[in-house]
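Undergrad: My file is input-v4.cif. It has mmCIF, C-alpha atoms:
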data_final
loop_
_atom_site.label_atom_id
_atom_site.label_comp_id
_atom_site.auth_asym_id
_atom_site.auth_seq_id
_atom_site.Cartn_x
_atom_site.Cartn_y
_atom_site.Cartn_z
CA ALA A 1 0.00 0.00 0.00
CA MET A 2 2.81 2.39 0.85
CA ALA A 3 4.37 1.97 -2.60
CA ALA A 4 1.04 2.50 -4.28
CA SER A 5 0.22 5.59 -2.27
CA LEU A 6 3.62 7.11 -2.95
CA LEU A 7 3.27 6.42 -6.65
CA GLY A 8 -0.22 7.85 -6.65
CA CYS A 9 0.86 11.25 -5.38
CA ILE A 10 3.26 12.36 -8.08
CA ALA A 11 2.62 16.08 -8.48
CA ALA A 12 1.90 17.57 -11.88
CA PRO A 13 4.82 19.28 -13.67
CA ILE A 14 5.41 22.89 -12.63
CA GLU A 15 3.81 25.16 -15.20
CA MET A 16 6.14 27.16 -17.38
CA THR A 17 5.70 30.89 -16.82
CA PRO A 18 6.66 33.44 -19.52
CA GLN A 19 9.38 34.67 -17.16
CA THR A 20 10.88 31.19 -16.82
CA GLU A 21 10.67 30.68 -20.58
CA GLN A 22 12.54 33.95 -21.15
CA ARG A 23 15.25 33.08 -18.62
CA LEU A 24 15.69 29.60 -20.09
CA ARG A 25 16.56 31.14 -23.46
CA THR A 26 19.71 32.63 -21.97
CA GLN A 27 20.85 29.23 -20.65
CA PRO A 28 22.77 26.63 -22.66
CA PRO A 29 21.26 23.19 -23.31
CA ILE A 30 21.49 20.32 -20.84
CA ARG A 31 23.34 17.03 -21.14
CA PHE A 32 22.34 14.04 -19.02
CA LEU A 33 25.06 12.63 -16.77
CA LEU A 34 23.96 9.08 -16.01
CA THR A 35 24.92 7.40 -12.75
CA PHE A 36 24.22 3.90 -11.43
CA ASP A 37 24.34 2.87 -7.76
CA ASP A 38 24.84 -0.34 -5.75
CA GLY A 39 26.44 -2.54 -8.44
CA PRO A 40 28.15 -4.41 -9.85
CA SER A 41 25.84 -7.40 -9.98
CA ALA A 42 27.39 -10.74 -9.00
CA SER A 43 24.75 -12.67 -10.88
CA SER A 44 26.00 -15.44 -13.15
CA PHE A 45 22.59 -15.81 -14.75
CA TRP A 46 21.42 -12.77 -16.75
CA ASN A 47 23.63 -10.13 -15.12
CA PRO A 48 21.71 -6.81 -14.90
CA SER A 49 24.89 -4.69 -14.75
CA GLU A 50 26.11 -6.27 -18.00
CA THR A 51 22.69 -5.63 -19.54
CA VAL A 52 22.96 -1.95 -18.59
CA LEU A 53 26.46 -1.76 -20.12
CA ASP A 54 25.16 -3.31 -23.33
CA SER A 55 22.26 -0.83 -23.49
CA LEU A 56 24.54 2.17 -22.99
CA ALA A 57 26.91 0.92 -25.71
CA ARG A 58 24.18 0.05 -28.21
CA ASN A 59 20.93 1.99 -28.39
CA SER A 60 19.06 4.01 -31.02
CA LEU A 61 19.72 7.43 -29.44
CA GLN A 62 23.49 7.76 -29.02
CA PRO A 63 26.12 5.01 -29.20
CA ASP A 64 28.70 4.43 -26.45
CA ILE A 65 27.07 6.50 -23.73
CA LYS A 66 29.30 6.81 -20.66
CA ALA A 67 28.12 6.69 -17.04
CA VAL A 68 29.45 6.82 -13.49
CA PHE A 69 29.03 3.57 -11.57
CA PHE A 70 29.04 3.98 -7.78
CA VAL A 71 30.19 0.55 -6.73
CA GLN A 72 30.04 -1.61 -3.62
CA THR A 73 33.52 -3.08 -3.79
CA ARG A 74 33.26 -5.66 -0.99
CA ALA A 75 29.62 -6.73 -0.88
CA SER A 76 29.40 -10.43 -1.70
CA ARG A 77 26.43 -9.86 -4.02
CA ALA A 78 28.29 -7.02 -5.75
CA GLY A 79 31.98 -6.13 -6.17
CA GLY A 80 33.22 -8.59 -3.54
CA SER A 81 32.70 -11.45 -6.02
CA ASP A 82 34.73 -12.66 -8.99
CA ILE A 83 31.84 -11.86 -11.34
CA GLY A 84 31.42 -8.41 -9.79
CA ARG A 85 35.13 -7.66 -10.22
CA ALA A 86 34.93 -8.76 -13.85
CA VAL A 87 31.98 -6.39 -14.39
CA MET A 88 33.98 -3.49 -12.88
CA HIS A 89 36.85 -4.24 -15.27
CA HIS A 90 34.35 -4.21 -18.14
CA GLU A 91 33.00 -0.86 -16.91
CA ARG A 92 36.50 0.59 -16.87
CA ASP A 93 37.38 -0.85 -20.29
CA ALA A 94 34.23 0.69 -21.79
CA GLY A 95 35.27 4.15 -20.55
CA HIS A 96 32.86 4.46 -17.64
CA ILE A 97 33.93 6.01 -14.33
CA LEU A 98 34.01 3.97 -11.14
CA GLY A 99 32.89 6.00 -8.14
CA PHE A 100 32.86 4.83 -4.54
CA HIS A 101 29.65 3.74 -2.82
CA THR A 102 30.61 1.24 -0.11
CA ALA A 103 33.43 -1.09 0.89
CA THR A 104 31.60 -2.61 3.84
CA PRO A 105 30.14 -6.13 3.53
CA SER A 106 26.67 -4.62 3.22
CA HIS A 107 25.05 -1.33 2.21
CA THR A 108 25.89 0.41 5.51
CA ASN A 109 25.25 4.05 6.32
CA HIS A 110 28.71 5.63 6.74
CA ARG A 111 27.40 7.79 9.59
CA SER A 112 26.89 4.63 11.65
CA LEU A 113 30.58 3.64 11.36
CA ASP A 114 33.01 4.72 14.05
CA PRO A 115 36.01 6.79 12.82
CA GLN A 116 38.28 3.76 12.59
CA ALA A 117 35.76 1.66 10.67
CA LEU A 118 34.99 4.55 8.31
CA GLU A 119 38.70 5.12 7.70
CA GLN A 120 39.12 1.40 6.94
CA ALA A 121 36.15 1.42 4.54
CA LEU A 122 37.45 4.44 2.63
CA THR A 123 40.99 3.02 2.47
CA ASP A 124 39.69 -0.37 1.28
CA GLY A 125 37.32 1.12 -1.29
CA SER A 126 40.00 3.41 -2.68
CA ALA A 127 42.42 0.51 -3.02
CA ASP A 128 39.79 -1.75 -4.59
CA ILE A 129 38.92 0.81 -7.27
CA ALA A 130 42.56 1.80 -7.87
CA ALA A 131 43.39 -1.88 -8.43
CA ILE A 132 40.94 -1.86 -11.35
CA THR A 133 41.31 1.64 -12.80
CA GLY A 134 44.86 2.53 -11.80
CA ALA A 135 43.76 5.54 -9.75
CA PRO A 136 41.78 6.06 -6.55
CA PRO A 137 38.20 7.29 -7.03
CA THR A 138 37.46 11.02 -7.01
CA LEU A 139 33.69 10.64 -6.72
CA VAL A 140 31.62 9.23 -3.87
CA ARG A 141 27.89 8.79 -3.40
CA PRO A 142 27.18 8.05 0.25
CA PRO A 143 24.86 5.12 0.95
CA PHE A 144 21.31 6.41 1.48
CA TRP A 145 22.62 9.83 0.28
CA ASN A 146 23.45 10.35 3.93
CA TYR A 147 26.45 12.27 5.22
CA GLU A 148 27.34 14.88 7.82
CA LYS A 149 30.37 17.03 8.64
CA ARG A 150 32.45 14.12 9.97
CA THR A 151 31.93 11.71 7.07
CA PHE A 152 32.17 14.54 4.52
CA ALA A 153 35.56 15.54 5.96
CA ALA A 154 36.71 11.91 5.80
CA TYR A 155 35.75 11.72 2.11
CA GLN A 156 37.69 14.90 1.42
CA GLN A 157 40.79 13.53 3.16
CA HIS A 158 40.62 10.62 0.72
CA GLY A 159 40.22 12.92 -2.28
CA MET A 160 36.59 11.92 -2.77
CA HIS A 161 33.89 14.43 -3.71
CA VAL A 162 30.20 13.87 -3.01
CA LEU A 163 27.99 13.70 -6.12
CA LEU A 164 24.26 13.80 -5.46
CA THR A 165 21.55 13.84 -8.14
CA ASP A 166 19.00 16.02 -9.93
CA LEU A 167 16.76 13.23 -11.21
CA SER A 168 16.20 9.78 -9.79
CA ALA A 169 14.37 6.82 -11.27
CA ASN A 170 13.31 5.90 -7.71
CA ASP A 171 14.32 2.36 -8.66
CA GLY A 172 16.31 1.47 -5.55
CA LYS A 173 15.35 -1.82 -3.96
CA ILE A 174 12.56 -0.41 -1.82
CA TRP A 175 9.77 -2.60 -0.43
CA GLY A 176 10.95 -5.41 -2.73
CA PHE A 177 9.16 -3.57 -5.48
CA ASN A 178 10.99 -3.17 -8.82
CA ALA A 179 8.66 -1.90 -11.46
CA SER A 180 7.89 1.75 -11.89
CA PRO A 181 4.47 2.12 -13.51
CA ARG A 182 4.45 5.92 -13.33
CA ARG A 183 7.95 6.56 -14.62
CA ARG A 184 6.92 9.15 -17.16
CA ALA A 185 4.82 11.20 -14.74
CA HIS A 186 7.61 11.06 -12.19
CA PHE A 187 10.32 12.18 -14.63
CA LEU A 188 8.10 14.96 -16.01
CA ARG A 189 7.56 16.37 -12.53
CA SER A 190 11.27 16.09 -11.61
CA MET A 191 12.40 17.59 -14.91
CA SER A 192 10.13 20.59 -14.41
CA GLU A 193 11.76 21.14 -10.99
CA VAL A 194 15.22 20.99 -12.59
CA ARG A 195 14.07 23.43 -15.29
CA GLU A 196 13.14 25.96 -12.60
CA ARG A 197 16.63 25.63 -11.08
CA ILE A 198 18.21 26.11 -14.51
CA ALA A 199 16.10 29.22 -15.13
CA ARG A 200 17.31 30.62 -11.80
CA GLY A 201 20.90 30.04 -12.93
CA GLU A 202 21.60 27.55 -10.13
CA LEU A 203 23.30 24.85 -12.21
CA PRO A 204 26.86 25.32 -13.50
CA VAL A 205 27.77 25.35 -17.18
CA VAL A 206 30.60 22.97 -18.10
CA ASP A 207 32.05 22.79 -21.62
CA GLY A 208 29.08 24.75 -22.95
CA VAL A 209 26.34 22.53 -21.51
CA ILE A 210 24.53 22.16 -18.18
CA PRO A 211 25.14 18.68 -16.73
CA VAL A 212 21.98 17.17 -15.23
CA VAL A 213 22.71 14.18 -13.00
CA VAL A 214 20.38 11.16 -13.21
CA THR A 215 20.44 8.17 -10.86
CA PHE A 216 19.51 4.56 -11.56
CA HIS A 217 20.33 1.27 -9.83
CA ASP A 218 22.01 -1.31 -12.05
CA LEU A 219 21.10 -4.15 -9.66
CA ASN A 220 17.44 -3.52 -10.43
CA ARG A 221 16.49 -6.00 -13.14
CA TYR A 222 13.54 -3.91 -14.26
CA THR A 223 15.87 -0.95 -14.81
CA ALA A 224 18.37 -3.13 -16.64
CA ARG A 225 15.67 -4.47 -18.97
CA HIS A 226 14.32 -0.96 -19.62
CA THR A 227 17.50 1.13 -19.80
CA ARG A 228 17.02 2.06 -23.46
CA GLU A 229 13.44 3.06 -22.74
CA TYR A 230 14.60 5.19 -19.79
CA LEU A 231 16.99 7.07 -22.12
CA GLN A 232 14.04 7.92 -24.35
CA ILE A 233 11.92 8.94 -21.34
CA LEU A 234 14.65 11.38 -20.28
CA LEU A 235 14.70 13.01 -23.73
CA ASP A 236 10.89 13.09 -23.88
CA SER A 237 10.56 14.67 -20.45
CA ALA A 238 13.09 17.38 -21.31
CA GLN A 239 11.19 18.19 -24.49
CA ALA A 240 7.81 18.13 -22.73
CA THR A 241 8.97 20.56 -20.04
CA GLY A 242 10.65 22.99 -22.45
CA VAL A 243 14.26 22.11 -21.63
CA SER A 244 16.62 21.99 -24.61
CA THR A 245 19.13 19.14 -24.79
CA ALA A 246 22.57 19.25 -26.36
CA GLU A 247 23.12 17.70 -29.78
CA GLN A 248 24.77 14.84 -27.90
CA PRO A 249 22.20 14.53 -25.10
CA PHE A 250 24.31 12.07 -23.09
CA TYR A 251 28.00 12.00 -22.20
CA ASP A 252 30.14 9.85 -24.47
CA ASP A 253 33.52 11.32 -23.55
CA THR A 254 35.00 10.12 -20.24
CA ALA A 255 37.11 13.22 -19.55
CA ALA A 256 34.21 15.58 -20.27
CA MET A 257 31.99 13.50 -17.98
CA GLN A 258 34.60 13.67 -15.21
CA ARG A 259 34.78 17.49 -15.52
CA ALA A 260 30.99 17.73 -15.45
CA ALA A 261 30.70 15.43 -12.43
CA MET A 262 33.32 17.39 -10.49
CA ALA A 263 31.52 20.67 -11.22
CA ARG A 264 28.36 19.19 -9.72
CA THR A 265 29.90 17.85 -6.50
CA VAL A 266 28.94 19.28 -3.12
CA ARG A 267 31.40 22.02 -2.15
CA ASP A 268 31.12 21.79 1.63
CA SER A 269 29.11 19.82 4.17
CA SER A 270 26.88 22.77 5.08
CA GLN A 271 25.73 23.34 1.49
CA PRO A 272 21.93 22.98 1.41
CA VAL A 273 21.00 19.89 -0.56
CA GLU A 274 17.94 19.26 -2.69
CA LEU A 275 17.25 15.65 -3.54
CA PRO A 276 14.50 14.67 -5.95
CA GLY A 277 11.28 13.05 -4.86
CA PHE A 278 11.03 11.24 -1.58
CA TRP A 279 14.79 11.24 -0.94
CA ASN A 280 14.44 14.85 0.13
#
Do you think you could lay out the structure here as structure tokens?

TA:
Amino acid sequence: AMAASLLGCIAAPIEMTPQTEQRLRTQPPIRFLLTFDDGPSASSFWNPSETVLDSLARNSLQPDIKAVFFVQTRASRAGGSDIGRAVMHHERDAGHILGFHTATPSHTNHRSLDPQALEQALTDGSADIAAITGAPPTLVRPPFWNYEKRTFAAYQQHGMHVLLTDLSANDGKIWGFNASPRRRAHFLRSMSEVRERIARGELPVVDGVIPVVVTFHDLNRYTARHTREYLQILLDSAQATGVSTAEQPFYDDTAAMQRAAMARTVRDSSQPVELPGFWN
């Protein structure tokens, strides 16, 4: 019932005022910066992370789309497995960026770790990712989006910058419920909120475009099966809310994506944070 009631209360898109429309004209187009959390999948049968990689590489909208994968490097059902490690190598080889999510055995809130345990987790995660990519990660997405001054400072000491999100598919494993019957309504509403922030000049311009961060979960099999459709939904929702997209609407250059991601990271732990939908 809770899932149904939450899905039933998606607000209508914010109406475009003439003033917003005018302000939007002075802003450059957006480019979607795709991110995936909680992987890599350790599944030997129909691996959803591999399916996502295949969809990003081959789709009808833009070939070889790049993404940031925030990985759980030591979870047995994720990167702590041989299959998971092989997926992370594939992600690196395809030009995706590996960001840090967790290095604890499960998806643990970093705020619940004592300083020593947090230090160990960040050291382990850095080493795990460096072993695959050759460099420690520069991006972190805290589990449950949850951080405070202490954990934020610890990330910074490890050279990790917090990247949150503008749009979320709300596809995390919540209530054991995978499908997302109102995806279009949800993205339309969220995109109209992002449009208002763009019109107010709140989002930075990087390399001539405004990076808009989108979050999915590559462990979600529904998401993996529908990744190509989600790409189309993103383009449709931009068009429907009056937001112009760049000629290349997704990132396909790793270095450009890294610059964009860094420009969108949280500057300091007291910065007010807006998360989409019910993460707020």

Undergrad: Would you compute the distance between atom CA of Ser126 of chain A and atom CA of Gln157 of chain A? Give it in Å to one decimal.

TA: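 For atom CA of Ser126 of chain A relative to atom CA of Gln157 of chain A, the distance reads 11.7 Å.
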
Undergrad: On this structure, the PyMOL selection byres ((chain A and resi 23) around 10) would catch which residues? List them as a PyMOL selection string, sorted by chain and number.

TA: chain A and resi 17-22+24-27+196+198-201

Undergrad: Identify, on the basis of all atoms listed in the file, every residue whose closest approach to segment 230-239 of chain A does not exceed 12 Å; exclude the query and any residue fewer than 2 positions from it along the same chain; express the result as a ChimeraX atom specification.

TA: /A:13,29-34,52,55-56,58-63,65,167-169,171,180,182-195,212-216,222-228,241-250

Undergrad: Could you please determine the separation between atom CA of Pro105 of chain A and atom CA of Arg77 of chain A in Å, to one decimal place?

TA: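 For atom CA of Pro105 of chain A relative to atom CA of Arg77 of chain A, the distance reads 9.2 Å.
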
Undergrad: Find the residues around Ala117 of chain A up to 12 Å (all atoms listed in the file counted), leave out those fewer than 2 positions away in its own chain, and share them as a PDB file with C-alpha atoms, keeping the file's coordinate frame.

TA:
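Saved to part_14.pdb:
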ATOM      1  CA  THR A 102      30.610   1.240  -0.110  1.00  0.00           C
ATOM      2  CA  ALA A 103      33.430  -1.090   0.890  1.00  0.00           C
ATOM      3  CA  THR A 104      31.600  -2.610   3.840  1.00  0.00           C
ATOM      4  CA  PRO A 105      30.140  -6.130   3.530  1.00  0.00           C
ATOM      5  CA  THR A 108      25.890   0.410   5.510  1.00  0.00           C
ATOM      6  CA  ASN A 109      25.250   4.050   6.320  1.00  0.00           C
ATOM      7  CA  HIS A 110      28.710   5.630   6.740  1.00  0.00           C
ATOM      8  CA  ARG A 111      27.400   7.790   9.590  1.00  0.00           C
ATOM      9  CA  SER A 112      26.890   4.630  11.650  1.00  0.00           C
ATOM     10  CA  LEU A 113      30.580   3.640  11.360  1.00  0.00           C
ATOM     11  CA  ASP A 114      33.010   4.720  14.050  1.00  0.00           C
ATOM     12  CA  PRO A 115      36.010   6.790  12.820  1.00  0.00           C
ATOM     13  CA  GLU A 119      38.700   5.120   7.700  1.00  0.00           C
ATOM     14  CA  GLN A 120      39.120   1.400   6.940  1.00  0.00           C
ATOM     15  CA  ALA A 121      36.150   1.420   4.540  1.00  0.00           C
ATOM     16  CA  LEU A 122      37.450   4.440   2.630  1.00  0.00           C
ATOM     17  CA  THR A 123      40.990   3.020   2.470  1.00  0.00           C
ATOM     18  CA  ASP A 124      39.690  -0.370   1.280  1.00  0.00           C
ATOM     19  CA  THR A 151      31.930  11.710   7.070  1.00  0.00           C
ATOM     20  CA  ALA A 154      36.710  11.910   5.800  1.00  0.00           C
TER      21      ALA A 154
END

Undergrad: Quick check on the file I pasted: which residues fall under the PyMOL selection byres ((chain A and resi 125) around 12)? Write them as a VMD selection string.

TA: chain A and resid 70 to 75 79 to 80 98 to 105 118 to 124 126 to 132 135 to 140 155 158 160

Undergrad: Which residues would end up in the selection if the PyMOL selection byres ((chain A and resi 93) around 12) were applied here, given that I need the answer as an mmCIF file with C-alpha atoms, keeping the file's coordinate frame?

TA:
data_model
loop_
_atom_site.group_PDB
_atom_site.id
_atom_site.type_symbol
_atom_site.label_atom_id
_atom_site.label_comp_id
_atom_site.auth_asym_id
_atom_site.auth_seq_id
_atom_site.Cartn_x
_atom_site.Cartn_y
_atom_site.Cartn_z
ATOM 1 C CA LEU A 53 26.460 -1.760 -20.120
ATOM 2 C CA ALA A 57 26.910 0.920 -25.710
ATOM 3 C CA ASP A 64 28.700 4.430 -26.450
ATOM 4 C CA LYS A 66 29.300 6.810 -20.660
ATOM 5 C CA ALA A 86 34.930 -8.760 -13.850
ATOM 6 C CA VAL A 87 31.980 -6.390 -14.390
ATOM 7 C CA MET A 88 33.980 -3.490 -12.880
ATOM 8 C CA HIS A 89 36.850 -4.240 -15.270
ATOM 9 C CA HIS A 90 34.350 -4.210 -18.140
ATOM 10 C CA GLU A 91 33.000 -0.860 -16.910
ATOM 11 C CA ARG A 92 36.500 0.590 -16.870
ATOM 12 C CA ALA A 94 34.230 0.690 -21.790
ATOM 13 C CA GLY A 95 35.270 4.150 -20.550
ATOM 14 C CA HIS A 96 32.860 4.460 -17.640
ATOM 15 C CA ILE A 97 33.930 6.010 -14.330
ATOM 16 C CA LEU A 98 34.010 3.970 -11.140
ATOM 17 C CA ILE A 132 40.940 -1.860 -11.350
ATOM 18 C CA THR A 133 41.310 1.640 -12.800
ATOM 19 C CA GLY A 134 44.860 2.530 -11.800
ATOM 20 C CA THR A 254 35.000 10.120 -20.240
#

Undergrad: Grab the atom CA of His161 of chain A to atom CA of Ala261 of chain A distance for me, in Å with one decimal place.

TA: 9.3 Å

Undergrad: Counting all atoms listed in the file, which residue out of A:Ser41, A:Thr165, A:Ser81, A:Gly159 sits closest to Trp145 of chain A?

TA: A:Thr165

Undergrad: As a tab-separated table (two decimals), in the coordinates of the input, please: segment 37-53 of chain A completed to N, CA and C atoms.

TA:
chain	number	residue	atom	x	y	z
A	37	ASP	N	23.92	3.18	-9.13
A	37	ASP	CA	24.34	2.87	-7.76
A	37	ASP	C	24.20	1.38	-7.45
A	38	ASP	N	24.98	0.95	-6.46
A	38	ASP	CA	24.84	-0.34	-5.75
A	38	ASP	C	25.46	-1.54	-6.46
A	39	GLY	N	25.87	-1.40	-7.73
A	39	GLY	CA	26.44	-2.54	-8.44
A	39	GLY	C	27.86	-2.80	-7.96
A	40	PRO	N	28.58	-3.64	-8.67
A	40	PRO	CA	28.15	-4.41	-9.85
A	40	PRO	C	27.40	-5.67	-9.42
A	41	SER	N	26.56	-6.17	-10.30
A	41	SER	CA	25.84	-7.40	-9.98
A	41	SER	C	26.80	-8.59	-10.00
A	42	ALA	N	26.58	-9.52	-9.06
A	42	ALA	CA	27.39	-10.74	-9.00
A	42	ALA	C	26.66	-11.91	-9.65
A	43	SER	N	25.58	-11.61	-10.33
A	43	SER	CA	24.75	-12.67	-10.88
A	43	SER	C	25.42	-13.35	-12.06
A	44	SER	N	25.42	-14.69	-12.03
A	44	SER	CA	26.00	-15.44	-13.15
A	44	SER	C	24.94	-15.71	-14.21
A	45	PHE	N	23.69	-15.58	-13.82
A	45	PHE	CA	22.59	-15.81	-14.75
A	45	PHE	C	21.97	-14.46	-15.08
A	46	TRP	N	22.03	-14.03	-16.32
A	46	TRP	CA	21.42	-12.77	-16.75
A	46	TRP	C	21.83	-11.63	-15.82
A	47	ASN	N	23.06	-11.14	-16.01
A	47	ASN	CA	23.63	-10.13	-15.12
A	47	ASN	C	23.08	-8.74	-15.48
A	48	PRO	N	22.32	-8.11	-14.56
A	48	PRO	CA	21.71	-6.81	-14.90
A	48	PRO	C	22.73	-5.71	-15.19
A	49	SER	N	23.87	-5.72	-14.48
A	49	SER	CA	24.89	-4.69	-14.75
A	49	SER	C	25.41	-4.81	-16.17
A	50	GLU	N	25.65	-6.05	-16.62
A	50	GLU	CA	26.11	-6.27	-18.00
A	50	GLU	C	25.05	-5.83	-19.00
A	51	THR	N	23.79	-6.05	-18.66
A	51	THR	CA	22.69	-5.63	-19.54
A	51	THR	C	22.67	-4.11	-19.68
A	52	VAL	N	22.89	-3.41	-18.56
A	52	VAL	CA	22.96	-1.95	-18.59
A	52	VAL	C	24.12	-1.50	-19.48
A	53	LEU	N	25.28	-2.13	-19.31
A	53	LEU	CA	26.46	-1.76	-20.12
A	53	LEU	C	26.17	-1.94	-21.61
